[in-house]
Amino acid sequence: MAELPGYSPSFKRPPGLLRVKRKRARSEGVCLNRLNSQSSPGQKIPGVRPFSPGLAPAAPRPRNPFANIENTYCSPRKKSCVRSLERCGQGLLDWDQRAGAKLRESLASQESRSRLVSEPDEAVFEDVDLFEKEADTLATPMNKREALEVPPSATEFPADWSLKTRLLFTSQLPFSWAEHLKAQEEAQGLSQHYRGMVQHLPRSISEPRSCSELRCAFQQSLVYWQYPSYPWLQLFPRIGVDRKMAGKCTPWSQDELLQQQILSEWSLSFTSLYNLLRSRLCPYFYLCTYQFTVLFRSAGLAGNKAITALLSPTTRGLREAMKNEGIEFSLPLLEESRKRKNVNSSEVVSEGGLDTETEEGKLVHMDSDEEDDDDDDDGGLSWLAEMGVQDDIRKPDTMSIKLRKERSEVRLDHRPESVALVEGGNTFTLLNFLINLKSLVAVAGPQAGLPPTLLSPTAFRGASMQTLKARSVNVKTQVRTGLKDLFSLEVTGPIMPHSLHALTLLLRSAQKGAFSAVFNTHSPTAIFNTASRTESTSFKESALQDLKDCGLHPDTLVQLLEPPVLGKLALRQLEMSDYKYTWKS
């Protein structure tokens, strides 16, 4: 290959390379003046490297000692790329000029028509309208895409049956009305909760801090009932908190007699709470163990005519034990997935396409395969006898066959699809089953001998009245003009659905219909938003009348009567603007 000016294929030692660089810097300084006087940047100039891309910057670029003729500006490949880019740029410039000419022509014609019809001032406004129409036309596709991502908006948000551990409300107006309650206001709020009194607040409160009804209603919305209650132990949540409870004082962990007495009292409280639920004096309650959580709902709530109970997460052992006790239950998510898969498969067969399986679909497909395997196992070894080799082939033992059949059931354990639904009279059988279940209480670890936590919005036998913790904080946020005050209200504790809705009713009046909220959900309970088999909506009025003495606000009760729509998700964000809700799940 012919040696080109400035091309150095051979290796040079560092001292020699530095001398070459200094010499090149002096030579390129002279060439820069010549390059500035040239009209064509692509014209070759003596003394300039062939891979120097046109005009050089003010500071000379260091030369690449590994450069070759193929990766320089003069290579055919780069020349073709540069020419194609120049052609694209010229095409875009021509299109821009044509679009500009059309826009000027339309403006000129619009201005001429406006001058014939109206005064010159009106013509100016028409030109402005034309620009607005052009801007709207250009922004229409983007607006359509953004409209698809906007969360739903309504005057009421859907019921969320999951348990929350933390709420954070933010607003442009202060939350001073929620702090430093007077002794009389606190006592009045507790009395209103115990008696089931309802406070109807106006749409907007001009002076929230001086509104005694608002402050009493705030105290009322923070109250809940719990059993058992030990001040030195955090009894919610119960799943995955062994490390936090380690080292706490648990005198019953080594005393079996004390454990039996505690469990006996807990059984009485559990039975009392279920009787209140069946009498429709308690709308719902939660049972929280160290392994799973149970939600009991009264008849009429969540679109169900009968009492319902949801267990999540479940295991194969728990489901087998429930079957052995005669408890009829269903797996709503798994059944829904099977129906969806059957519909999709029928559509695919009719269209002649391929089916793509989701995570739930894989579980359903796995179950169908196991059912086929069951049929094969019944008579799968008969063909060996027909061939006369049944004694020569080693047959699988019954235990391996049973484990293979139960493989799909084991894979459901601790998954959202393992949620079990118990309805009607089977809930009473479930009550007795849970009371006598030995694995309901841990036998080792920090929670050994500690019965499950019962949470309810109404009072029951042995329960203690508890209140959620609330505190307000003022912060500064960065905006375009500087710093702006932002006020926040934080609520922590076992936050049940009625407390969430009651707080939003208060904030709607106190914050003048403008606030936002972020929620922390206890993840094992998010699956409680799964819709069960809902009945017709004709019984809602009768259910509302039957549950009028349960102690909940009528608006909260109306919300809880609606069937769940969130599915396996829970509310993460909630925002109210101009008295309308938007939410994300």
# chains A, B, ... in the order shown; residues from 1 in each chain; ligands from 1
call {"tool": "residues_around", "arguments": {"residues": "range 447-463 of chain A", "least_positions_apart": "4", "cutoff": "9 Å", "atoms": "only C-alpha atoms", "output": "number ranges by chain"}}
result
A: 193-194, 196, 223-229, 235-238, 242, 245-246, 250, 252-256, 258-260, 262-263, 265-266, 268-273, 276, 281-290, 440-443, 494, 496, 498-499, 550-552
call {"tool": "atom_distance", "arguments": {"atom1": "CA of Val198 in chain A", "atom2": "CA of Pro554 in chain A"}}
result
8.2 Å
call {"tool": "select_by_dssp", "arguments": {"residues": "range 254-298 of chain A", "states": "alpha helix (DSSP H)", "output": "MDAnalysis selection string"}}
result
chainID A and resid 256:278
call {"tool": "atom_distance", "arguments": {"atom1": "CA of Gly317 in chain A", "atom2": "CA of Asn275 in chain A"}}
result
28.0 Å
call {"tool": "atom_distance", "arguments": {"atom1": "CA of Val422 in chain A", "atom2": "CA of Ser267 in chain A"}}
result
19.9 Å
call {"tool": "residues_around", "arguments": {"residues": "Thr308 in chain A", "least_positions_apart": "6", "cutoff": "9 Å", "atoms": "only C-alpha atoms", "output": "list in words"}}
result
Leu295, Phe296, Arg297, Ser298, Ala299, Leu301, Leu421, Val422, Glu423, Gly424, Asn426 and Thr427 of chain A
call {"tool": "residues_around", "arguments": {"residues": "range 162-169 of chain A", "least_positions_apart": "5", "cutoff": "9 Å", "atoms": "only C-alpha atoms", "output": "NGL selection string"}}
result
:A and (236-237 or 487-497 or 500 or 507 or 515-529 or 570-571)
call {"tool": "write_last_selection", "arguments": {"atoms": "C-alpha atoms", "output": "short mmCIF file (atom, residue, chain, number, x, y, z; two decimals), in the first residue's frame"}}
result
data_model
loop_
_atom_site.label_atom_id
_atom_site.label_comp_id
_atom_site.auth_asym_id
_atom_site.auth_seq_id
_atom_site.Cartn_x
_atom_site.Cartn_y
_atom_site.Cartn_z
CA PHE A 236 -49.73 -5.88 62.72
CA PRO A 237 -48.48 -6.95 60.27
CA PHE A 487 -48.39 20.54 53.62
CA SER A 488 -48.63 16.83 54.39
CA LEU A 489 -50.56 14.56 56.76
CA GLU A 490 -49.17 11.10 57.55
CA VAL A 491 -51.31 8.32 59.01
CA THR A 492 -49.79 4.99 60.10
CA GLY A 493 -51.19 1.77 61.51
CA PRO A 494 -53.54 -1.00 60.35
CA ILE A 495 -55.66 1.16 58.04
CA MET A 496 -58.86 -0.59 57.02
CA PRO A 497 -61.12 0.35 54.07
CA LEU A 500 -59.42 5.33 54.26
CA LEU A 507 -60.14 16.03 53.43
CA PHE A 515 -55.38 16.90 47.70
CA SER A 516 -53.29 13.89 46.74
CA ALA A 517 -52.37 10.71 48.59
CA VAL A 518 -49.82 7.88 48.40
CA PHE A 519 -50.52 4.49 50.01
CA ASN A 520 -48.36 1.68 51.37
CA THR A 521 -50.23 -1.61 51.08
CA HIS A 522 -49.71 -4.79 53.09
CA SER A 523 -48.91 -6.90 50.02
CA PRO A 524 -50.51 -10.24 51.11
CA THR A 525 -53.88 -8.47 51.35
CA ALA A 526 -53.86 -6.82 47.90
CA ILE A 527 -55.47 -9.95 46.47
CA PHE A 528 -58.64 -9.26 48.51
CA ASN A 529 -59.77 -6.93 45.71
CA ALA A 570 -54.47 -2.22 45.21
CA LEU A 571 -54.64 1.56 45.16
#
